[in-house]
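Participant: See start36.txt below, with compact mmCIF, C-alpha atoms.
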```
# COMPACT_ATOMS: atom_id res chain seq x y z
CA MET C 1 75.96 117.03 91.36
CA GLU C 2 78.29 119.96 92.02
CA VAL C 3 81.06 120.63 89.48
CA THR C 4 83.64 123.18 90.61
CA GLU C 5 86.90 124.38 89.07
CA VAL C 6 89.12 124.04 92.13
CA ALA C 7 92.36 124.90 90.30
CA ASP C 8 93.22 125.89 86.74
CA GLY C 9 91.82 123.12 84.52
CA ILE C 10 91.00 120.83 87.45
CA TRP C 11 87.27 120.29 87.97
CA PHE C 12 85.89 118.46 91.00
CA ALA C 13 82.59 116.64 90.44
CA ARG C 14 80.89 115.80 93.72
CA THR C 15 77.74 113.71 94.11
CA GLU C 16 75.93 112.37 97.15
CA VAL C 17 77.67 109.00 96.89
CA VAL C 18 81.02 109.44 95.09
CA ASN C 19 83.29 111.99 93.39
CA TRP C 20 85.45 112.18 90.29
CA VAL C 21 87.75 114.73 88.62
CA VAL C 22 87.82 116.23 85.12
CA LEU C 23 91.17 117.49 83.83
CA VAL C 24 91.23 120.01 80.98
CA GLU C 25 94.23 121.57 79.25
CA GLY C 26 93.74 123.23 75.88
CA GLU C 27 92.03 120.69 73.61
CA ARG C 28 93.01 117.78 75.86
CA ALA C 29 90.81 116.33 78.58
CA ALA C 30 90.88 113.34 80.92
CA LEU C 31 88.93 111.84 83.79
CA ILE C 32 90.13 110.57 87.14
CA ASP C 33 87.49 107.96 88.09
CA CYS C 34 83.99 107.92 86.62
CA GLY C 35 81.26 107.18 89.16
CA TYR C 36 78.71 104.35 89.28
CA PRO C 37 77.25 102.75 86.12
CA GLY C 38 74.02 104.65 86.74
CA GLN C 39 75.89 107.97 86.77
CA ALA C 40 77.07 107.89 83.15
CA ALA C 41 74.89 110.88 82.23
CA LEU C 42 76.32 112.84 85.16
CA VAL C 43 79.87 112.05 84.05
CA GLU C 44 79.09 113.44 80.59
CA GLU C 45 77.45 116.50 82.14
CA SER C 46 80.51 117.12 84.33
CA VAL C 47 82.76 117.05 81.26
CA ARG C 48 80.45 119.53 79.52
CA ARG C 49 80.47 121.86 82.55
CA ALA C 50 84.27 121.72 82.53
CA GLY C 51 84.20 123.16 79.02
CA ALA C 52 85.13 119.96 77.19
CA THR C 53 83.37 117.23 75.22
CA MET C 54 83.42 113.48 75.59
CA ASP C 55 85.26 113.29 72.26
CA GLN C 56 88.13 115.17 73.87
CA ILE C 57 88.54 112.62 76.68
CA GLU C 58 91.77 110.82 75.82
CA ALA C 59 92.26 108.89 79.05
CA LEU C 60 90.40 107.56 82.06
CA VAL C 61 92.74 107.35 85.05
CA LEU C 62 91.53 105.15 87.92
CA THR C 63 92.41 105.36 91.58
CA HIS C 64 91.10 101.78 91.94
CA ASN C 65 88.62 99.26 90.60
CA HIS C 66 85.51 99.58 92.74
CA VAL C 67 82.24 99.97 90.90
CA ASP C 68 81.61 103.47 92.26
CA HIS C 69 84.81 104.63 90.53
CA THR C 70 84.64 102.58 87.30
CA GLY C 71 80.99 102.75 86.23
CA SER C 72 81.57 104.44 82.85
CA MET C 73 84.81 102.56 82.18
CA PRO C 74 83.50 99.94 79.70
CA ALA C 75 81.68 102.56 77.60
CA LEU C 76 84.72 104.84 77.55
CA ALA C 77 87.06 101.98 76.63
CA ALA C 78 84.71 100.98 73.81
CA ARG C 79 85.13 104.51 72.41
CA GLY C 80 88.90 104.09 72.34
CA VAL C 81 89.68 105.99 75.55
CA ARG C 82 92.81 104.68 77.27
CA VAL C 83 92.23 103.29 80.75
CA LEU C 84 95.17 103.72 83.16
CA ALA C 85 95.63 102.36 86.68
CA GLY C 86 98.21 100.99 89.08
CA ALA C 87 99.88 97.79 87.83
CA ASP C 88 98.48 95.69 90.68
CA GLU C 89 94.98 96.91 89.84
CA LEU C 90 94.99 95.52 86.29
CA PRO C 91 93.87 91.96 87.21
CA MET C 92 90.74 93.41 88.82
CA LEU C 93 90.06 95.62 85.79
CA ARG C 94 90.30 92.57 83.54
CA GLY C 95 87.88 90.66 85.77
CA GLU C 96 90.44 88.12 86.96
CA ARG C 97 90.08 89.02 90.65
CA VAL C 98 87.70 90.98 92.87
CA GLU C 99 88.79 93.06 95.86
CA SER C 100 85.65 94.79 97.03
CA ALA C 101 83.03 94.52 99.74
CA THR C 102 80.68 91.58 99.20
CA THR C 103 76.91 91.40 99.46
CA ARG C 104 77.40 89.54 102.74
CA ASP C 105 79.59 92.37 104.08
CA VAL C 106 76.70 94.75 103.48
CA LEU C 107 73.92 92.45 104.72
CA VAL C 108 75.52 91.81 108.10
CA ARG C 109 75.61 95.59 108.64
CA ALA C 110 72.18 96.35 107.18
CA TRP C 111 70.72 96.86 110.67
CA ARG C 112 72.59 100.17 110.73
CA PRO C 113 70.26 102.83 109.26
CA ARG C 114 73.01 104.51 107.28
CA VAL C 115 74.06 101.21 105.70
CA LEU C 116 70.55 100.31 104.59
CA ARG C 117 69.90 103.72 103.01
CA TRP C 118 73.27 103.68 101.27
CA ALA C 119 72.79 100.10 100.01
CA LEU C 120 69.39 100.88 98.48
CA THR C 121 70.85 103.93 96.75
CA ILE C 122 73.83 102.17 95.22
CA VAL C 123 71.78 99.20 94.03
CA ARG C 124 69.75 101.66 91.94
CA LEU C 125 73.02 103.04 90.54
CA GLY C 126 74.38 99.61 89.53
CA GLY C 127 76.45 99.04 92.65
CA SER C 128 76.30 95.23 92.40
CA GLN C 129 78.19 95.22 89.09
CA HIS C 130 81.90 94.55 88.52
CA PRO C 131 82.84 96.51 85.36
CA ARG C 132 85.70 95.01 83.37
CA ILE C 133 87.72 95.73 80.23
CA ASP C 134 90.29 93.75 78.26
CA HIS C 135 93.27 96.07 77.87
CA PRO C 136 93.94 98.45 80.77
CA GLU C 137 97.37 100.10 80.94
CA ALA C 138 99.66 100.36 83.96
CA VAL C 139 100.96 103.65 85.32
CA ARG C 140 104.37 103.99 86.91
CA PRO C 141 104.51 105.66 90.34
CA GLY C 142 106.40 108.92 90.24
CA GLU C 143 106.23 109.34 86.45
CA PRO C 144 103.95 112.16 85.21
CA LEU C 145 101.25 110.96 82.84
CA ASP C 146 101.13 112.33 79.30
CA ILE C 147 97.59 113.59 79.68
CA ALA C 148 95.95 116.91 80.58
CA ARG C 149 97.55 118.51 83.69
CA SER C 150 100.22 115.74 83.88
CA PRO C 151 99.13 114.08 87.16
CA VAL C 152 101.78 112.00 88.92
CA PRO C 153 100.77 108.53 90.22
CA VAL C 154 101.40 107.79 93.90
CA ALA C 155 101.10 104.12 94.87
CA LEU C 156 98.88 103.68 97.97
CA PRO C 157 98.07 99.95 98.23
CA GLY C 158 95.71 98.71 100.90
CA HIS C 159 92.22 99.83 99.99
CA THR C 160 92.90 97.65 96.97
CA SER C 161 96.20 96.10 95.90
CA GLY C 162 96.85 98.71 93.24
CA HIS C 163 95.14 101.74 94.74
CA THR C 164 96.78 104.91 93.43
CA ALA C 165 96.50 108.61 94.25
CA PHE C 166 97.33 111.32 91.70
CA HIS C 167 99.34 114.45 92.47
CA VAL C 168 99.40 117.63 90.38
CA PRO C 169 102.48 119.29 91.90
CA THR C 170 102.30 122.49 89.83
CA GLN C 171 98.95 123.26 91.47
CA ARG C 172 99.52 121.54 94.81
CA VAL C 173 96.51 119.26 94.28
CA VAL C 174 96.19 115.60 95.22
CA VAL C 175 93.37 113.23 94.24
CA THR C 176 93.26 110.66 97.04
CA GLY C 177 90.63 108.15 95.89
CA ASP C 178 89.48 106.08 98.86
CA ALA C 179 92.78 105.99 100.74
CA LEU C 180 91.73 109.21 102.47
CA VAL C 181 88.23 110.72 102.32
CA THR C 182 86.50 113.68 103.94
CA GLY C 183 83.07 112.11 104.31
CA HIS C 184 80.97 109.13 103.29
CA SER C 185 77.35 108.03 103.29
CA LEU C 186 78.17 105.68 106.18
CA SER C 187 80.01 108.29 108.24
CA PRO C 188 78.20 110.71 110.59
CA VAL C 189 80.98 113.32 110.36
CA GLU C 190 82.90 115.29 107.75
CA GLY C 191 86.64 115.85 107.80
CA PRO C 192 89.73 113.83 106.86
CA GLN C 193 89.13 110.18 107.71
CA CYS C 194 89.63 106.61 106.58
CA ILE C 195 86.66 104.96 104.95
CA ASP C 196 84.73 102.21 106.81
CA GLY C 197 87.05 99.24 107.35
CA PHE C 198 84.98 96.60 105.56
CA PHE C 199 85.67 98.37 102.25
CA HIS C 200 89.43 97.79 102.50
CA HIS C 201 91.22 94.79 101.06
CA ASP C 202 94.03 95.23 103.61
CA THR C 203 93.35 97.86 106.27
CA ALA C 204 96.75 97.57 107.95
CA ARG C 205 98.57 98.08 104.68
CA MET C 206 96.36 101.04 103.80
CA ARG C 207 97.19 102.77 107.09
CA ALA C 208 100.89 101.96 106.69
CA THR C 209 101.05 103.59 103.24
CA LEU C 210 99.14 106.77 104.12
CA PRO C 211 102.35 108.54 105.21
CA GLU C 212 103.35 108.46 101.50
CA LEU C 213 100.59 111.01 100.96
CA ALA C 214 101.89 113.21 103.78
CA ARG C 215 105.20 113.69 101.94
CA LEU C 216 103.55 115.38 98.96
CA ASP C 217 103.58 119.12 98.39
CA ALA C 218 99.82 119.66 98.26
CA ASP C 219 97.26 121.74 100.10
CA LEU C 220 94.11 120.93 98.13
CA VAL C 221 92.73 117.44 98.74
CA LEU C 222 90.20 115.96 96.30
CA PRO C 223 88.84 112.75 97.87
CA GLY C 224 86.76 109.95 96.39
CA HIS C 225 84.03 110.77 98.93
CA GLY C 226 83.21 113.97 100.77
CA PRO C 227 83.99 117.63 100.02
CA ALA C 228 87.27 119.05 98.76
CA ALA C 229 89.57 120.04 101.62
CA HIS C 230 91.83 123.10 101.58
CA LEU C 231 94.55 122.08 104.00
CA PRO C 232 98.07 120.60 103.80
CA ILE C 233 97.90 116.94 102.93
CA ALA C 234 100.19 116.10 105.87
CA VAL C 235 97.58 117.60 108.22
CA ALA C 236 94.80 115.69 106.49
CA VAL C 237 96.70 112.42 106.85
CA ALA C 238 97.36 113.04 110.54
CA GLU C 239 93.68 113.82 111.16
CA ALA C 240 92.56 110.73 109.24
CA LEU C 241 94.88 108.43 111.17
CA ASP C 242 93.69 109.92 114.48
CA ALA C 243 89.98 109.83 113.60
```
Please lay out the structure from this file as structure tokens.
Facilitator:
Amino acid sequence: MEVTEVADGIWFARTEVVNWVVLVEGERAALIDCGYPGQAALVEESVRRAGATMDQIEALVLTHNHVDHTGSMPALAARGVRVLAGADELPMLRGERVESATTRDVLVRAWRPRVLRWALTIVRLGGSQHPRIDHPEAVRPGEPLDIARSPVPVALPGHTSGHTAFHVPTQRVVVTGDALVTGHSLSPVEGPQCIDGFFHHDTARMRATLPELARLDADLVLPGHGPAAHLPIAVAVAEALDA
């Protein structure tokens, strides 16, 4: 795991299979996404490297409810940490609906070497689970959150129904989740791109909403997969749509 302070109080935690973000401001701290279930110790280590403690985490903000982004969610919620996500994501967080790739989706592609290696890795990390909690809270697009660094939700449905990016306008940073990535275990290249199509709930809708990202004032892109990208988000979106 690499943990890097990419802007004041914004720490990017990158692992081989997924990323998350630690926000720190004074005595306040928050997480954007939280890895696979088997990465709970890494999440805690990333918070420590960011100069905070788990007791300071007041909120877990989710781009979407896929297991690689919600692994530590039940444990954090049990400690009283607020869990925030797009309104249309809440049914998945409560376990009422699932919008993720199925075992069959993976098996029919297992002949591809990259898929098989990735599948074996994520199974060890708890990738077959569907974490759930009882009382997630909805964010409102465009309204800054009352948490460290005041990220602003940006609705980007398609990857899942309530997929949400988070923009920190004062530092020109955007956390894109899986709507736009810069790499993935299944991709042979790095650079702005859309994740493999079988992961999306609605690929056409995802592509149609990507221009919402391009309108943001941001030139540091923190994706759910792949390295951080220092380039205008409008350029990243154009490259992803062309890739």
Participant: What separation in Å, quoted to one decimal, exists between atom CA of Pro232 of chain C and atom CA of Ala218 of chain C?
Facilitator: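 Those two atoms sit 5.9 Å apart.
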Participant: Expressed in Å to a single decimal, how great is the separation between atom CA of Asp217 of chain C and atom CA of Ile233 of chain C?
Facilitator: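 Separation between atom CA of Asp217 of chain C and atom CA of Ile233 of chain C: 7.6 Å.
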Participant: Compile the contact shell of Ala240 of chain C as a list of chain:residue names: residues with an atom at most 8 Å away, counting all atoms listed in the file, same-chain residues fewer than 5 positions apart removed.
Facilitator: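 Surrounding residues, per the criterion: C:Leu180, C:Gly191, C:Pro192, C:Gln193, C:Cys194.
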Participant: Residues near Ser150 of chain C, anyone? I mean within 9 Å using all atoms listed in the file, not counting same-chain ones fewer than 6 positions away, as a ChimeraX atom specification.
Facilitator: /C:144,167-168
Participant: Output C-alpha atoms for every residue in the selection just made, as a PDB file, in the frame of the given file.
Facilitator:
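Output below, filename out-v8.pdb:
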```
ATOM      1  CA  PRO C 144     103.950 112.160  85.210  1.00  0.00           C
ATOM      2  CA  HIS C 167      99.340 114.450  92.470  1.00  0.00           C
ATOM      3  CA  VAL C 168      99.400 117.630  90.380  1.00  0.00           C
TER       4      VAL C 168
END
```
Participant: In the coordinates of the file, take the point (99.7, 118.1, 107.4) and a cut-off of 12 Å; then, counting all atoms listed in the file, name each qualifying protein, DNA or RNA residue as a list in words.
Facilitator: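 Here the neighbourhood of the point contains Pro192, Leu210, Pro211, Glu212, Leu213, Ala214, Arg215, Leu216, Asp217, Ala218, Asp219, Leu220, Val221, Ala229, His230, Leu231, Pro232, Ile233, Ala234, Val235, Ala236, Val237, Ala238, Glu239, Ala240 and Leu241 of chain C.
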Participant: Could you give me the centre and size, in Å to one decimal, of an axis-aligned box around all listed atoms of segment 96-100 of chain C with 5 Å added on every side, as AutoDock Vina command-line options?
Facilitator:
```
--center_x 88.0 --center_y 91.5 --center_z 92.0 --size_x 14.8 --size_y 16.7 --size_z 20.1
```
Participant: May I ask which of the residues C:Gly127, C:Pro188, C:Gly9, C:Pro91 is the closest one to Pro113 of chain C, counting all atoms listed in the file?
Facilitator: C:Pro188
Participant: Expressed in Å to a single decimal, how great is the separation between atom CA of Ala50 of chain C and atom CA of Val6 of chain C?
Facilitator: 11.0 Å
Participant: Kindly indicate which residue among C:Leu116, C:Ala52, C:Ser72, C:Ile122 lies nearest to Asp33 of chain C, using all atoms listed in the file for the distances.
Facilitator: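 Nearest to Asp33 of chain C: C:Ser72.
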Participant: List as a count of residues only: which residues have an atom within 10 Å of (88.0, 99.1, 89.9), counting all atoms listed in the file?
Facilitator: 29
Participant: List as a list in words the protein and nucleic acid residues near Arg104 of chain C, meaning an atom at most 12 Å away when all atoms listed in the file are counted, but skip any in the same chain fewer than 4 places from it.
Facilitator: Ser100, Val108, Arg109, Ala110, Ala119, Ser128 and Phe198 of chain C
Participant: Between C:Gly183, C:Arg172, C:Gly38, C:Ala138, which has the minimum distance to Pro151 of chain C (counting all atoms listed in the file)?
Facilitator: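 Among the listed residues, the smallest separation from Pro151 of chain C belongs to C:Arg172.
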Participant: Near Leu31 of chain C, counting all atoms listed in the file, which residues have an atom at most 8 Å away, once you skip same-chain residues fewer than 6 positions from it, shown as a PyMOL selection string?
Facilitator: chain C and resi 20-23+57+59-61
Participant: When you count only C-alpha atoms, which of these residues is closest to Glu190 of chain C: C:Thr170, C:Ala155, C:Met206, C:Pro227?
Facilitator: C:Pro227
Participant: When distances are computed from only C-alpha atoms, which of C:Glu2, C:Ala101, C:Arg49, C:Ile32 shows the smallest separation from Phe166 of chain C?
Facilitator: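 Of all the options, C:Ile32 lies closest to Phe166 of chain C.
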